[in-house]
Structures are given as C-alpha cells and as structure tokens.
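Note: the block below is final.txt and it holds compact mmCIF, C-alpha atoms and all ligand atoms.
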# COMPACT_ATOMS: atom_id res chain seq x y z
CA MET B 1 116.13 100.43 128.91
CA HIS B 2 119.12 99.44 126.76
CA LEU B 3 118.02 98.56 123.26
CA CYS B 4 119.87 96.04 121.15
CA LYS B 5 121.85 97.07 118.04
CA THR B 6 119.08 96.46 115.51
CA ALA B 7 116.44 98.36 117.52
CA SER B 8 115.78 102.08 117.75
CA LEU B 9 113.01 104.32 119.11
CA LEU B 10 111.35 106.92 116.91
CA PRO B 11 108.65 109.29 118.19
CA GLN B 12 105.79 109.69 115.68
CA ASP B 13 102.89 112.01 116.51
CA ASP B 14 101.84 110.98 120.05
CA ILE B 15 103.27 107.50 119.77
CA GLU B 16 106.74 106.02 120.26
CA MET B 17 107.64 103.60 117.48
CA LEU B 18 110.12 100.77 117.98
CA ILE B 19 111.98 100.19 114.71
CA ILE B 20 113.71 96.86 114.10
CA ASP B 21 116.12 96.78 111.15
CA ASN B 22 118.27 93.65 110.89
CA ASP B 23 119.77 91.62 108.01
CA HIS B 24 116.56 89.65 107.56
CA ALA B 25 113.67 92.08 108.06
CA HIS B 26 112.40 95.56 108.83
CA ALA B 27 109.57 95.97 111.33
CA THR B 28 107.75 98.82 113.06
CA ILE B 29 106.05 98.35 116.43
CA SER B 30 103.89 101.00 118.10
CA LEU B 31 104.51 101.04 121.87
CA PHE B 32 100.93 102.29 122.09
CA GLY B 33 99.03 99.02 122.07
CA GLY B 34 102.14 96.80 121.75
CA HIS B 35 101.04 96.89 118.14
CA VAL B 36 103.11 95.61 115.19
CA LEU B 37 102.34 97.97 112.27
CA SER B 38 104.72 96.74 109.58
CA PHE B 39 106.73 93.58 108.77
CA ILE B 40 108.84 93.39 105.61
CA PRO B 41 111.15 90.38 105.21
CA LYS B 42 114.22 91.39 103.17
CA HIS B 43 114.33 88.22 101.09
CA ASP B 44 111.37 89.53 99.02
CA ASN B 45 110.71 93.07 100.40
CA VAL B 46 106.97 92.38 100.40
CA GLN B 47 104.96 94.13 103.13
CA ARG B 48 102.94 91.45 104.94
CA LEU B 49 100.75 93.78 106.99
CA TRP B 50 98.11 96.35 106.02
CA LEU B 51 97.81 99.67 107.84
CA SER B 52 94.92 102.07 107.17
CA LYS B 53 95.93 105.39 105.64
CA GLU B 54 93.34 106.90 108.01
CA ALA B 55 94.59 105.08 111.11
CA MET B 56 94.48 107.30 114.20
CA LEU B 57 97.94 107.48 115.75
CA ASP B 58 96.74 109.64 118.67
CA ALA B 59 97.63 107.28 121.52
CA GLN B 60 93.94 107.13 122.39
CA HIS B 61 92.06 105.19 119.73
CA PRO B 62 92.84 101.61 118.68
CA ILE B 63 95.05 101.55 115.59
CA ARG B 64 93.34 100.31 112.39
CA GLY B 65 95.67 97.79 110.80
CA GLY B 66 98.79 95.80 111.69
CA ILE B 67 98.36 93.34 114.58
CA PRO B 68 96.02 94.63 117.31
CA ILE B 69 96.24 92.67 120.58
CA CYS B 70 92.75 91.75 121.77
CA TRP B 71 92.95 90.84 125.49
CA PRO B 72 91.57 89.83 128.03
CA TRP B 73 88.41 89.54 125.92
CA PHE B 74 87.69 89.18 122.21
CA GLY B 75 84.85 91.18 120.68
CA ALA B 76 82.16 92.47 123.01
CA HIS B 77 82.58 91.79 126.76
CA ALA B 78 80.51 88.72 127.70
CA SER B 79 78.43 90.42 130.39
CA GLU B 80 79.19 94.17 130.67
CA SER B 81 77.92 96.08 127.62
CA GLY B 82 79.65 99.45 128.17
CA LEU B 83 83.20 98.08 127.98
CA ALA B 84 85.49 98.54 124.97
CA SER B 85 85.47 96.03 122.13
CA HIS B 86 88.46 93.64 122.21
CA GLY B 87 89.60 94.45 125.76
CA TYR B 88 91.89 97.18 127.08
CA VAL B 89 95.53 96.44 126.30
CA ARG B 90 95.39 97.68 122.68
CA THR B 91 94.71 101.18 124.01
CA GLN B 92 97.49 101.50 126.54
CA ASN B 93 101.23 102.07 126.43
CA TRP B 94 103.56 99.09 126.51
CA HIS B 95 107.28 99.10 127.30
CA VAL B 96 110.27 97.12 126.08
CA VAL B 97 111.41 94.67 128.76
CA ASP B 98 114.33 93.36 126.74
CA CYS B 99 115.61 92.88 123.24
CA ALA B 100 118.39 90.69 121.86
CA ASP B 101 120.21 90.40 118.53
CA GLU B 102 120.55 86.81 117.32
CA PRO B 103 122.14 85.65 114.05
CA GLU B 104 118.79 84.90 112.40
CA GLN B 105 116.50 87.36 114.18
CA THR B 106 115.89 90.10 116.73
CA VAL B 107 113.89 89.03 119.80
CA VAL B 108 111.87 91.71 121.60
CA ARG B 109 109.73 91.32 124.72
CA LEU B 110 107.09 93.90 125.62
CA LYS B 111 104.70 94.34 128.56
CA PRO B 112 101.61 96.55 128.94
CA SER B 113 101.41 99.28 131.63
CA THR B 114 98.80 97.20 133.46
CA THR B 115 96.86 93.95 133.06
CA GLN B 116 94.20 95.08 135.53
CA GLY B 117 90.96 96.55 134.25
CA LYS B 118 87.20 96.71 134.63
CA GLY B 119 85.61 93.51 133.39
CA PHE B 120 88.46 91.14 134.27
CA GLU B 121 89.28 89.72 137.73
CA GLY B 122 92.39 87.69 136.87
CA GLU B 123 95.83 88.39 138.41
CA THR B 124 98.21 88.07 135.53
CA GLN B 125 101.49 88.88 133.89
CA LEU B 126 101.14 89.52 130.15
CA SER B 127 104.05 89.47 127.71
CA LEU B 128 104.28 89.95 123.98
CA VAL B 129 107.36 88.26 122.49
CA LEU B 130 108.36 89.09 118.90
CA PHE B 131 110.88 87.06 116.90
CA ILE B 132 111.69 89.22 113.85
CA GLY B 133 113.63 87.56 111.06
CA ARG B 134 112.83 85.86 107.77
CA GLU B 135 109.46 85.17 109.42
CA LEU B 136 107.61 87.04 112.17
CA ARG B 137 106.72 84.89 115.18
CA ILE B 138 104.46 86.67 117.67
CA GLN B 139 103.61 85.14 121.05
CA LEU B 140 101.12 86.50 123.60
CA VAL B 141 101.86 84.88 126.95
CA THR B 142 99.27 85.03 129.74
CA GLU B 143 100.61 83.95 133.13
CA ASN B 144 98.26 83.41 136.08
CA THR B 145 100.02 84.95 139.11
CA GLY B 146 96.98 84.63 141.37
CA ASN B 147 95.52 81.83 143.49
CA GLU B 148 92.36 81.26 141.44
CA PRO B 149 91.94 79.72 137.97
CA LEU B 150 91.17 82.40 135.36
CA SER B 151 89.58 82.33 131.93
CA TYR B 152 90.19 84.76 129.10
CA THR B 153 89.51 85.26 125.40
CA SER B 154 91.87 86.92 122.96
CA ALA B 155 93.06 87.39 119.40
CA LEU B 156 96.13 88.32 117.40
CA HIS B 157 93.87 90.38 115.13
CA THR B 158 96.16 90.53 112.10
CA TYR B 159 95.38 92.73 109.06
CA PHE B 160 97.17 91.10 106.13
CA ASN B 161 98.23 93.11 103.12
CA ILE B 162 96.71 91.74 99.91
CA ASP B 163 96.74 92.73 96.25
CA ASP B 164 92.98 92.69 95.67
CA ILE B 165 90.22 91.16 97.81
CA ASN B 166 88.25 90.35 94.64
CA HIS B 167 91.09 88.03 93.57
CA CYS B 168 92.01 86.51 96.89
CA GLU B 169 91.76 82.96 98.24
CA LEU B 170 92.27 81.65 101.77
CA THR B 171 93.33 78.00 101.90
CA GLY B 172 93.56 75.56 104.83
CA LEU B 173 90.16 76.09 106.48
CA ASP B 174 87.31 73.57 106.47
CA GLY B 175 84.45 72.51 108.74
CA ASP B 176 81.83 75.01 109.93
CA TYR B 177 81.98 78.63 111.01
CA LEU B 178 79.73 80.88 113.09
CA ASP B 179 78.55 83.84 111.01
CA LYS B 180 78.47 87.02 113.11
CA LEU B 181 76.45 88.72 110.37
CA GLN B 182 73.73 86.04 110.64
CA ASP B 183 73.37 85.86 114.40
CA TYR B 184 76.20 83.31 114.67
CA GLN B 185 74.39 80.81 112.48
CA ARG B 186 76.55 77.69 111.81
CA ILE B 187 77.53 77.52 108.12
CA SER B 188 79.95 75.28 106.27
CA THR B 189 83.19 76.80 105.04
CA PRO B 190 83.16 77.52 101.30
CA THR B 191 85.66 75.91 98.90
CA PRO B 192 87.33 77.76 97.33
CA TYR B 193 87.31 80.34 100.14
CA THR B 194 87.01 83.63 98.24
CA PHE B 195 85.42 87.00 99.08
CA ASN B 196 82.65 89.06 97.49
CA GLU B 197 80.86 90.64 100.46
CA GLU B 198 81.24 91.73 104.10
CA THR B 199 82.70 88.79 106.00
CA ASP B 200 82.80 88.27 109.79
CA ARG B 201 83.26 84.62 110.70
CA VAL B 202 84.47 82.62 113.68
CA HIS B 203 85.88 79.27 112.53
CA LEU B 204 85.88 76.88 115.51
CA VAL B 205 88.72 74.85 114.08
CA THR B 206 92.44 74.84 114.79
CA PRO B 207 94.32 74.35 111.54
CA GLU B 208 98.03 74.73 112.13
CA SER B 209 98.68 76.48 108.83
CA LEU B 210 96.76 78.65 106.41
CA THR B 211 97.74 80.50 103.23
CA ILE B 212 96.42 83.73 101.71
CA VAL B 213 96.91 83.85 97.94
CA SER B 214 96.29 87.23 96.33
CA GLY B 215 97.99 88.19 93.06
CA ASN B 216 101.75 88.20 93.70
CA ILE B 217 101.36 88.15 97.48
CA LYS B 218 101.32 84.67 99.10
CA THR B 219 101.34 84.77 102.88
CA HIS B 220 101.71 81.71 105.08
CA ILE B 221 100.18 81.78 108.56
CA GLN B 222 100.87 79.29 111.32
CA SER B 223 98.86 79.30 114.53
CA ASN B 224 99.27 77.69 117.96
CA GLY B 225 97.38 77.83 121.27
CA HIS B 226 94.16 78.89 119.54
CA ASP B 227 90.63 77.45 119.52
CA SER B 228 89.44 79.55 116.57
CA ILE B 229 90.40 81.38 113.41
CA VAL B 230 88.47 84.61 112.80
CA VAL B 231 88.14 85.94 109.25
CA TRP B 232 87.02 89.55 108.70
CA ASN B 233 86.61 92.03 105.85
CA PRO B 234 84.26 95.00 106.35
CA TRP B 235 83.65 95.44 102.61
CA ALA B 236 82.57 98.71 100.96
CA ASP B 237 79.70 100.08 103.07
CA LYS B 238 81.32 99.45 106.44
CA SER B 239 84.67 100.82 105.17
CA LYS B 240 82.86 104.03 104.24
CA SER B 241 81.20 104.18 107.68
CA MET B 242 84.49 103.74 109.57
CA GLN B 243 86.29 107.01 110.38
CA ASP B 244 89.71 105.37 110.51
CA MET B 245 89.47 103.48 107.22
CA GLU B 246 89.72 104.84 103.67
CA ASP B 247 86.69 104.03 101.51
CA GLN B 248 88.55 101.58 99.29
CA GLY B 249 90.69 100.26 102.13
CA TYR B 250 88.82 96.94 102.32
CA LYS B 251 90.21 95.99 98.88
CA ASN B 252 93.78 95.56 100.17
CA MET B 253 93.27 93.95 103.58
CA LEU B 254 92.05 90.68 105.03
CA CYS B 255 91.98 89.90 108.74
CA VAL B 256 92.94 86.33 109.57
CA GLU B 257 93.08 86.16 113.34
CA THR B 258 94.60 83.50 115.59
CA ALA B 259 92.10 83.54 118.43
CA VAL B 260 90.72 82.10 121.62
CA THR B 261 86.98 82.82 121.45
CA GLN B 262 85.61 79.98 123.57
CA GLY B 263 87.52 80.85 126.77
CA GLN B 264 91.02 79.61 127.74
CA GLN B 265 91.43 78.52 131.34
CA VAL B 266 94.78 79.15 133.04
CA LEU B 267 95.46 77.61 136.45
CA PRO B 268 97.42 79.41 139.19
CA GLY B 269 101.16 79.42 138.49
CA GLN B 270 100.61 78.34 134.88
CA SER B 271 100.67 80.22 131.58
CA HIS B 272 99.14 79.97 128.13
CA THR B 273 100.67 81.13 124.85
CA LEU B 274 98.76 82.30 121.78
CA GLU B 275 101.11 82.29 118.78
CA GLN B 276 101.01 83.35 115.13
CA VAL B 277 103.86 82.91 112.66
CA ILE B 278 103.83 84.95 109.43
CA ARG B 279 105.98 84.13 106.43
O1 LIG Y 1 87.55 90.26 114.53
C1 LIG Y 1 86.45 90.66 113.82
C2 LIG Y 1 85.77 91.80 114.57
O2 LIG Y 1 85.38 91.40 115.84
C3 LIG Y 1 84.62 92.37 113.73
O3 LIG Y 1 83.38 92.04 114.28
C4 LIG Y 1 84.89 93.86 113.68
O4 LIG Y 1 84.25 94.54 114.68
C5 LIG Y 1 86.40 93.91 113.82
O5 LIG Y 1 86.70 92.90 114.74
C6 LIG Y 1 87.02 95.23 114.17
O6 LIG Y 1 86.78 95.58 115.48
P1 LIG Y 1 87.23 97.03 116.02
O7 LIG Y 1 86.80 97.07 117.45
O8 LIG Y 1 88.73 97.12 115.86
O9 LIG Y 1 86.55 98.05 115.15
Rendering of file as structure tokens:
Amino acid sequence: MHLCKTASLLPQDDIEMLIIDNDHAHATISLFGGHVLSFIPKHDNVQRLWLSKEAMLDAQHPIRGGIPICWPWFGAHASESGLASHGYVRTQNWHVVDCADEPEQTVVRLKPSTTQGKGFEGETQLSLVLFIGRELRIQLVTENTGNEPLSYTSALHTYFNIDDINHCELTGLDGDYLDKLQDYQRISTPTPYTFNEETDRVHLVTPESLTIVSGNIKTHIQSNGHDSIVVWNPWADKSKSMQDMEDQGYKNMLCVETAVTQGQQVLPGQSHTLEQVIR
C-alpha cells in the first residue's frame, strides 16, 4: 500500500501506528481498531484528544482514549449478553485503503479486516474516512451490500482532552436525556451543563454543533447522521476500578459521542454516514 507524502507507519508495541504530519496538523491513528489517538492542529498546537496513560496497546483490548469506533452495536448487544460492549471492530486490525495529500488536508480511508461477526447478520462494507487538517473530520460509512435491509447502532466515542472536569461546561445541548445510571430515566438537560459526579447520559437530540469549554481549551464539535449525543465521565470511583485508566484520569477527559443509539436502517445498495468534525 503506497502511502502519501504526509503519512508514515510506525510500529509501537504490538500495534502499527499511522502518523500524519502535514502543514496543518499532526495526528496518530492506531491501525488496531481504526482508532485515532491524537489530533493536534498546528494553528494552536492544542491536543484535542485524551489518551489514558494506562491504555493497553496490546492489540487485544480496546484502547482507552482517542476515538473508539463502536460498531455494529453501541453499548451492550440488544439480545445476546455474552458479546463485547460496543461491537467488534474496535478490537480488530484495520488497513489503509488509500491516502491523498491535498493543499488543506490529508485524506485517509481505512477498512476493518472483517465486518462479519457474531451478533450481526448484515452484509456490509465499512469505511472510516479521515480528513486531517485545521479540523479533523471523521466519517464512518456503512454500506449495505446485501439484499435485505439492515439496522445497526454505533458511536464515534470521542474522549476529548480538557483542562479540568471541575471547571468544564458543555454548551449546545437541551431537551431530555436518558440517564444510564438511573435505569434510563428521562431527565431534563441541566443549564449550565457542568460536571460534579459520574455521568452516563444518552441525549436523544441531534444538535449540529456543541462546544466544550474548559480553561484554555475550547473544542467545537459538529455532528451529522446521528440520532443521539452520548456524554460520559466515569468520575473518581470508576476511574480507580478501571485497569486501563489512571486514578485521576477522569479529571482531564470528557466523552462527547456522536451516536446512533436508536437503530439506523440501511436499505440494500444504500449507505449511511456517521460524521464528527472536531475543531
Ligand atoms: O458511551 C458511554 C459508555 O457506554 C459507558 O456506559 C461506559 O461503559 C463507556 O461507554 C466505556 O465503555 P467501554 O466498553 O469502553 O469500557
């Protein structure tokens, strides 16, 4: 596979990292999981993504941080309890299909080893397209190559880098959310939207743009093709209980996920794109 000028491959532990270094940004993508780990635009050199210092880069476990790809289901499988949380493509190797240098960005397209797996019947092609420049545009494209309609759930499960969760506000969300910590009880979104405890919420709204404000870091998030925004912070106790997260890790991360949680139908011969843009 011929890589473009701004791309290079770097083995790290058991994982091959794709490094993108162009005039506008520096990014690191793990080919294990098709997983963006780092995105730093050069106009301000501010890291937009958080990666756990305890993340397991063993090409077996999901990577804690960056942008995990949850597909073809989000969270627990709807009917089969023994299956992995968040589907099976975040724990398999992906490969670079093509990459191109453009004046304003590098465009990379990746595919997983397989889209087939226990718990999902659909016949699909899955592509991850990354546009890496002053902003990071990430598109997950699900194409139905079979003869039957399919339905899937998914998330671009982004861990955003923040200064301090105790001084952090998320703007742009309103309406109700389903609280996973209270048996999916419907609760109205707080204003201002700040954080002082474990948070695990599915917002069944589709705002096009959101902003995270935390100290000097202001991150803009645009979403398309979603039916939900998921907001997660494990807080102190859960951070301590997680093997792949440092005890204080929760203070510098906030997950704001562009998601399909209600089921997206894709007809034969058609495709659906889930997109997040980070600035
Ligand atoms: O997206 C929020 C969530 O579903 C939480 O419930 C929490 O489990 C988080 O994802 C992390 O999941 P993981 O399987 O990566 O540990």
Minimum-distance residue to B:Ser85, chosen among B:Gly249, B:Gly119, B:Gly66, B:Pro192 (using all atoms listed in the file)
B:Gly119
Protein and nucleic acid residues within 8 Å of ligand LIG 1 (chain Y) (all atoms listed in the file) as a list in words:
Pro62, Ile63, Arg64, Pro68, Phe74, Gly75, Ala76, Ala84, Ser85, His86, Ala155, His157, Lys180, Asp200, Arg201, Val230, Val231, Trp232, Pro234, Cys255 and Glu257 of chain B
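Of note, atom CA of B:Cys70 and atom CA of B:Lys240 are spaced 23.6 Å apart.
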Which residue, B:Gln92, B:Thr28, B:Ser113, B:Asn161, has the smallest gap to B:Gly215 when you use all atoms listed in the file?
B:Asn161
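Between atom CA of B:Glu246 and atom CA of B:Ile138 lies a distance of 27.3 Å.
Taking atom CA of B:Leu204 and atom CA of B:Thr261 as endpoints, the distance between them is 8.5 Å.
Of the listed residues (B:Asn147, B:Ser38, B:Thr106, B:Asn224), B:Thr106 comes nearest to B:Gly133; the distances count all atoms listed in the file.
Each of B:Thr219, B:Gln243, B:Thr191, B:Thr142 was checked against B:Pro268 using all atoms listed in the file; the smallest atom-to-atom distance is that of B:Thr142.
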Please give the centre and size of the box around stretch 245-256 of chain B (axis-aligned, containing every atom listed in the file, 5 Å added per side), with values in Å to one decimal and written as lines of an AutoDock Vina configuration file.
center_x = 90.2
center_y = 95.6
center_z = 104.2
size_x = 17.1
size_y = 28.5
size_z = 20.7
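Closest approach to B:Ala78 from the set B:Ser8, B:Ser228, B:Ser241, B:Gln262 is made by B:Gln262, with distances taken over only C-alpha atoms.
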Tell me which of B:Thr273, B:Thr189, B:Gln222, B:Gln60 sits closest to B:Pro207, counting only C-alpha atoms.
B:Gln222
Polymer residues at most 8 Å from B:Tyr250, all atoms listed in the file, same-chain spacing of 3 or more positions, as a ChimeraX atom specification:
/B:165,233-236,239,247,253-254
Close residues, B:Ser214 itself excluded, 8 Å, all atoms listed in the file, min 6 positions apart in chain, as a PyMOL selection string:
chain B and resi 162-165+167-169
Expected answer as a ChimeraX atom specification: all residues with atoms within 10 Å of (104.3, 109.7, 119.9), all atoms listed in the file
/B:10-17,30-32,57-59
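At a cut-off of 7 Å from (91.4, 85.0, 124.7), the residue set is Trp71, Pro72, Trp73, Phe74, Tyr152, Thr153, Ser154, Ala155, Ala259, Val260, Thr261, Gly263 and Gln264 of chain B (counting all atoms listed in the file).
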Those same residues, written as a JSON list (two decimals), in the coordinates of the input with C-alpha atoms?
[["chain", "number", "residue", "atom", "x", "y", "z"],
["B", 71, "TRP", "CA", 92.95, 90.84, 125.49],
["B", 72, "PRO", "CA", 91.57, 89.83, 128.03],
["B", 73, "TRP", "CA", 88.41, 89.54, 125.92],
["B", 74, "PHE", "CA", 87.69, 89.18, 122.21],
["B", 152, "TYR", "CA", 90.19, 84.76, 129.10],
["B", 153, "THR", "CA", 89.51, 85.26, 125.40],
["B", 154, "SER", "CA", 91.87, 86.92, 122.96],
["B", 155, "ALA", "CA", 93.06, 87.39, 119.40],
["B", 259, "ALA", "CA", 92.10, 83.54, 118.43],
["B", 260, "VAL", "CA", 90.72, 82.10, 121.62],
["B", 261, "THR", "CA", 86.98, 82.82, 121.45],
["B", 263, "GLY", "CA", 87.52, 80.85, 126.77],
["B", 264, "GLN", "CA", 91.02, 79.61, 127.74]]
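For B:Asp98, the residues within 8 Å (counting all atoms listed in the file, excluding itself and residues fewer than 5 positions away along the chain) are Met1, His2, Leu3, Val108, Arg109 and Leu110 of chain B.
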